[in-house]
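Trainee: Sharing a structure here in structure tokens format.
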Amino acid sequence: MKLKKKQRAQRSEKTRSGRPKGMPKSSKKGLNRKQLEQALLDVMHDNPTVAYNYKQISAAIGAKSLSERQLVISILDALAANETVDEVEHGKYKLNTRAGYVEGVIDRRSNGKTYLVPDDGGSAIFIAERRLRHALNKDRVRVFLYARPKGSEPEGEVVEILKRAQDTFVGVLQVGRNYAFLRVDNKILTSDIFIPVDNLHGGKDGQKAIVKIVEWGVSDRSPIGEVVDVLGDVGNNNTEMHAILAEYGLPYSYPEALEKAADEIPDDLTPEEFAKRRDMRDVPTFTIDPKDAKDFDDALSIRKLESGDWEIGVHIADVTHYVKPNSPINKEAMERATSVYLVDRTIPMLPEHLSNELCSLRPNEEKLAFSVVFVMDDNANVKHYDICRTVIKSDRRFCYEEAQEVIETGEGDMKEEILKLDELAKKLRDARYKAGAISFDSVEVRFEIDKNGKPLSVYFKESKDANKLIEEFMLLANRTVATHIGKPSGKAKPKTFVYRVHDTPNPDKIRALSDFIRKFGYKLKTTGKPKEISSSINTLLKDVEGKGEQGLVQTIAVRSMAKAIYTTTNIGHYGLAFDYYTHFTSPIRRYPDMMVHRLLERYLDGGRSVNEKELEDKCDHCSAMEQLAATAERASIKYKQVEFMSDKVGKVFDGVISGITEWGVYVELNQNKCEGMIPVRELGDDYYTFDEKNYCLIGRRRHRKFQLGDPITVRVAKTNLEKKQLDFVLAE
């Protein structure tokens with residue numbers, strides 16, 4: 001029988017005897033029924049259009065003895081009975097192909113197994129490595145779904161790659177005399193990329209580079225690639241930060257042509273423009289930002305009215321006045337969707353001339369703003385508001401530390417304004433919590449780094465009253481804008497809008513959180529109204545303050561929450577306890593805020609509702625890019641943690657178990673919050689099994705338990721910067 005091209009390509013998967021690769025050799029006792037059935041199905045799955053008699057299939061799987069061949073006949077009869085195979089003519093069988101085809105997205109899991117997540121929302125379909133047809137994680141594919149015995153998981157084979165999720169990869173070049181390879185992290189790509197020397201484009205051995213796959217035949221073990229950018233030497237800070245961005249498909253530079261285009265945008269602060277706007281240049285106004293910030297996209301103003309009430313302005317940089325909808329700069333901003341904040345740098349969404357100069361609300365400069373101006377009483381009740389274009393002039397730029405000192409001492413520049421806004425902010429905050437908002441005040445890890453990007457020390461950033469002052473008024477402005485469009489007064493109907501929504505928690509995750517904290521002696525309400533559950537979560541977060549398990553409980557609580565996303569379908573924001581919420585206050589660094597500004601301008605001028613489908617597609621893109629940016633930020637933090645610990649190999653630290661998996665115990669160090677892992681193989685005193693339900697590893701013989709939240713003392717065993725990996729061993 002002639003072998004088809006596909007079968008010839010699969011020769012490498014067989015041994016010389018014709019036995020499928022990985023199948024046990026026949027022993028004197030012969031192969032058992034289970035082994036024979038699996039081998040038989042493997043052959044049929046590889047050749048779903050071929051019909052076999054029992055002799056042909058026996059030869060293909062290496063079943064030689066009489067007893068084995070008799071078992072093959074019995075297996076074929078059983079598989080035909082449950083319709084896994086068809087008897088197409090007397091004594092000839094082939095795979096039942098009536099299962100059909102399914103489209104979906106490839107999901108490569110942390111345990112190394114690969115599944116298809118079907119578009120129709122059905123059960124995940126297992127795909128063996130040899131049947132992936134070079135499909136990679138997140139690729140959209142078409143899969144042939146095998147007929148399987150009842151009770152077994154669905155299984156299939158990729159027949160077509162519909163859309164690659166990624167065709168460029170970051171790795172380290174290995175250059176020989178006549179060819180080269182790009183060595184890629186095997187969690188991303190299971191084979192290295194072959195690079196003809198003509199495609200190296202200056203890349204040298206040992207350098208990090210970005211390579212684009214240009215060809216990958218079905219029968220080729222490795223793809224063929226071409227170097228599209230050489231990032232630099234391994235270990236160089238710029239190289240490594242650019243590599244992290246490139247790994248997630250994020251840009252690490254700004255197009256020079258667009259920088260030049262931004263430089264040519266005029267700052268048209270003319271009397272004609274001012275006449276169209278509410279003039280608030282004489283109202284006391286200031287900004288509060290991190291001390292190293294250059295893009296000031298929000299300012300606050302405050303003055304007392306004759307009525308005794310307070311006029312408070314939340315002023316936001318009027319980015320869309322300068323960035324027009326169909327301009328190349330807008331297109332680039334839409335693609336990026338967000339600025340990205342790594343440990344040592346910001347990769348801006350907009351060109352620097354716009355973000356740091358034209359749009360930035362710098363002190364003592366007249367600036368155009370889009371504002372929400374509130375009239376509030378002393379109890380922080382909003383009596384009236386206006387959403388309007390304004391011209392402002394900031395009197396003072398504060399960093400958070402300076403504003404915090406004014407709040408704590410009652411002395412300093414603009415003390416009356418800051419102290420009054422702090423008083424009102426605290427009342428707004430109390431009202432939110434009474435309405436059911438959740439208090440997630442987490443500690444952020446930050447690094448002090450030298451001019452070369454090397455981390456010198458670790459410090460922790462806490463949210464204090466100055467931070468919360470700004471936060472409350474930004475929340476108020478965002479909520480007001482969303483409510484203004486989503487819940488119009490009178491008989492007007494809501495128009496299509498961008499909402500920032502946060503769904504209620506998954507009940508299973510809340511129950512899992514409750515089970516976990518019970519081990520520490522805490523309780524959590526898992527049923528009832530959303531406000532009752534959020535109130536119980538707040539009580540928990542307050543109870544763990546200052547305790548050793550605080551960070552861990554906060555982390556697990558955050559993981560039990562849904563992710564906030566952008567959408568045109570409003571379901572409210574559970575975490576903030578708002579019925580309507582959007583993002584309006586950061587257009588310099590978030591594209592959804594630019595979308596909101598444009599929609600507001602359109603609707604305030606009486607414009608018709610926009611196309612919902614088009615807006616929803618943009619929302620989906622922005623949500624996805626936000627997640628990518630957050631993942632890249634975490635990767636940069638992890639890299640700096642490993643770099644910071646690289647000269648501490650052999651040293652002992654106290655920590656807490658922050659994660660448990662079947663392959664190891666994750667430990668967060670108390671001193672610097674750096675996280676590493678004790679591999680299971682290093683727990684050599686016993687054989688440990690993973691108890692997923694109780695978040696622990698348990699020794700079979702000695703019954704020693706490693707449980708989430710337990711204190712532990714470890715020694716730093718190894719650091720691997722390339723993999724961003726920190727390995728510990730028990731210090732005992």
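Identifiers for the structure tokens are assigned positionally: chains receive A, B, ... in sequence, residues are indexed from 1 per chain, and ligands are indexed from 1 in the order shown.
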Could you give me, as a PDB file with C-alpha atoms, in the first residue's frame, the residues within 12 Å of A:Phe516, counting only C-alpha atoms and dropping anything in the same chain fewer than 4 positions from it?
Mentor:
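Listed below is the output, around-v9.pdb:
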ATOM      1  CA  LYS A 509     -14.416  31.305  43.972  1.00  0.00           C
ATOM      2  CA  ILE A 510     -16.050  32.994  46.950  1.00  0.00           C
ATOM      3  CA  ARG A 511     -16.661  29.583  48.545  1.00  0.00           C
ATOM      4  CA  ALA A 512     -13.028  28.627  47.856  1.00  0.00           C
ATOM      5  CA  PHE A 520      -6.628  31.082  59.656  1.00  0.00           C
ATOM      6  CA  GLY A 521      -9.712  31.401  61.830  1.00  0.00           C
ATOM      7  CA  TYR A 522     -11.647  33.884  59.663  1.00  0.00           C
ATOM      8  CA  LYS A 523     -15.188  33.682  58.318  1.00  0.00           C
ATOM      9  CA  LEU A 524     -16.755  34.994  55.112  1.00  0.00           C
ATOM     10  CA  GLU A 549      -1.213  36.436  56.513  1.00  0.00           C
ATOM     11  CA  LEU A 552      -1.670  36.380  51.207  1.00  0.00           C
ATOM     12  CA  VAL A 553      -5.348  36.794  52.116  1.00  0.00           C
ATOM     13  CA  GLN A 554      -5.516  40.028  50.106  1.00  0.00           C
ATOM     14  CA  THR A 555      -3.972  38.281  47.091  1.00  0.00           C
ATOM     15  CA  ILE A 556      -6.388  35.341  47.255  1.00  0.00           C
ATOM     16  CA  ALA A 557      -9.322  37.739  47.726  1.00  0.00           C
ATOM     17  CA  SER A 560     -11.560  35.578  43.618  1.00  0.00           C
ATOM     18  CA  GLU A 692      -5.600  21.076  45.273  1.00  0.00           C
ATOM     19  CA  LYS A 693      -8.706  21.525  47.390  1.00  0.00           C
ATOM     20  CA  ASN A 694      -6.776  22.323  50.556  1.00  0.00           C
ATOM     21  CA  TYR A 695      -3.902  24.237  48.905  1.00  0.00           C
ATOM     22  CA  CYS A 696      -1.196  21.935  50.240  1.00  0.00           C
ATOM     23  CA  GLN A 707       0.198  24.646  53.135  1.00  0.00           C
ATOM     24  CA  LEU A 708      -0.649  28.017  51.613  1.00  0.00           C
ATOM     25  CA  GLY A 709       0.040  30.766  54.159  1.00  0.00           C
TER      26      GLY A 709
END
Trainee: At a cut-off of 9 Å, can you tabulate as a Markdown table every residue of stretch 646-669 of chain A near stretch 718-729 of chain A together with its closest atom pair and the distance in Å to one decimal, using only C-alpha atoms and ordering rows by chain then number?
Mentor:
| residue | atom | partner | partner_atom | distance |
| --- | --- | --- | --- | --- |
| A:Ser646 | CA | A:Thr719 | CA | 5.7 |
| A:Asp647 | CA | A:Thr719 | CA | 9.0 |
| A:Val649 | CA | A:Lys718 | CA | 6.2 |
| A:Gly650 | CA | A:Lys718 | CA | 8.4 |
| A:Tyr666 | CA | A:Phe728 | CA | 8.9 |
| A:Val667 | CA | A:Phe728 | CA | 8.2 |
Trainee: Neighbours of A:Ser301 within 7 Å (only C-alpha atoms; same-chain residues fewer than 5 positions away dropped), as a count of residues only?
Mentor: 7
Trainee: Please run DSSP on the backbone and report, as a list of chain:residue names, all residues within stretch 526-661 of chain A that come out as strand (DSSP E or B).
Mentor: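 Written out, the strand (DSSP E or B) residues of stretch 526-661 of chain A are A:Ile565, A:Tyr566, A:Thr567, A:His573, A:Phe578, A:Arg590, A:Val652, A:Phe653, A:Asp654, A:Gly655, A:Val656, A:Ile657, A:Ser658, A:Gly659, A:Ile660, A:Thr661.
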Trainee: Give me the residues within 6 Å of A:Glu155 as number ranges by chain, counting only C-alpha atoms and dropping any in the same chain fewer than 5 places off.
Mentor: A: 125-127, 146
Trainee: Once you have the residues from the selection above, write them out as a PDB file, in the first residue's frame, restricted to C-alpha atoms.
Mentor:
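This went into result_26.pdb:
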ATOM      1  CA  ILE A 125     -10.924  19.285  23.278  1.00  0.00           C
ATOM      2  CA  PHE A 126      -7.585  17.616  24.007  1.00  0.00           C
ATOM      3  CA  ILE A 127      -5.027  17.723  21.185  1.00  0.00           C
ATOM      4  CA  TYR A 146     -12.563  12.272  16.877  1.00  0.00           C
TER       5      TYR A 146
END
Trainee: Rounded to one decimal in Å, what is the spacing between atom CA of A:Cys622 and atom CA of A:Tyr581?
Mentor: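 Atom CA of A:Tyr581 lies 16.1 Å from atom CA of A:Cys622.
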Trainee: Calculate how many Å separate atom CA of A:Phe473 from atom CA of A:Pro592, rounding to one decimal.
Mentor: 18.8 Å
Trainee: If we count only C-alpha atoms and set the cut-off at 10 Å, which residues sit around A:Asp77, ignoring sequence neighbours fewer than 6 positions away in its own chain? Please answer as a PDB file with C-alpha atoms, in the first residue's frame.
Mentor:
ATOM      1  CA  LEU A  71      -7.229  -9.131  21.408  1.00  0.00           C
ATOM      2  CA  GLU A  83     -19.373   3.607  17.273  1.00  0.00           C
ATOM      3  CA  VAL A  85     -14.881   2.990  14.555  1.00  0.00           C
ATOM      4  CA  ASP A  86     -16.989   2.005  11.555  1.00  0.00           C
ATOM      5  CA  GLU A  87     -16.941  -1.442   9.918  1.00  0.00           C
ATOM      6  CA  GLY A  91     -13.628  -7.166   8.433  1.00  0.00           C
ATOM      7  CA  TYR A  93     -12.517  -0.757   9.975  1.00  0.00           C
TER       8      TYR A  93
END
Trainee: Excluding A:Phe653 and any residue of its chain fewer than 2 positions from it, enumerate the residues within 9 Å of it, using only C-alpha atoms, and give them as a PyMOL selection string.
Mentor: chain A and resi 651+655+669-671+712-716+731
Trainee: With only C-alpha atoms as the counted atoms, please give the residues lying no more than 10 Å from stretch 352-362 of chain A, apart from itself and same-chain residues fewer than 5 positions off, as a ChimeraX atom specification.
Mentor: /A:254,259-268,286-287,293-299,315-323,347,367-369,392-397,587-589
Trainee: Take atom CA of A:Lys427 and atom CA of A:Lys529 and report the distance between them in Å, one decimal.
Mentor: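 These atoms are spaced 24.3 Å apart.
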Trainee: Output as JSON lines one row per residue of stretch 404-503 of chain A within 12 Å of stretch 632-643 of chain A: the closest atom pair and its distance in Å to one decimal place, counting only C-alpha atoms, sorted by chain and residue number ascending.
Mentor:
{"residue": "A:Glu444", "atom": "CA", "partner": "A:Ile637", "partner_atom": "CA", "distance": 10.6}
{"residue": "A:Val445", "atom": "CA", "partner": "A:Ile637", "partner_atom": "CA", "distance": 8.3}
{"residue": "A:Arg446", "atom": "CA", "partner": "A:Ile637", "partner_atom": "CA", "distance": 8.3}
{"residue": "A:Phe447", "atom": "CA", "partner": "A:Lys640", "partner_atom": "CA", "distance": 8.0}
{"residue": "A:Glu448", "atom": "CA", "partner": "A:Lys640", "partner_atom": "CA", "distance": 10.4}
{"residue": "A:Ile449", "atom": "CA", "partner": "A:Lys640", "partner_atom": "CA", "distance": 9.4}
{"residue": "A:Gly453", "atom": "CA", "partner": "A:Lys640", "partner_atom": "CA", "distance": 9.0}
{"residue": "A:Lys454", "atom": "CA", "partner": "A:Glu643", "partner_atom": "CA", "distance": 7.7}
{"residue": "A:Pro455", "atom": "CA", "partner": "A:Lys640", "partner_atom": "CA", "distance": 6.5}
{"residue": "A:Leu456", "atom": "CA", "partner": "A:Glu643", "partner_atom": "CA", "distance": 9.8}
{"residue": "A:Ser457", "atom": "CA", "partner": "A:Gln641", "partner_atom": "CA", "distance": 10.0}
{"residue": "A:Val458", "atom": "CA", "partner": "A:Gln641", "partner_atom": "CA", "distance": 8.8}
{"residue": "A:Tyr459", "atom": "CA", "partner": "A:Gln641", "partner_atom": "CA", "distance": 11.9}
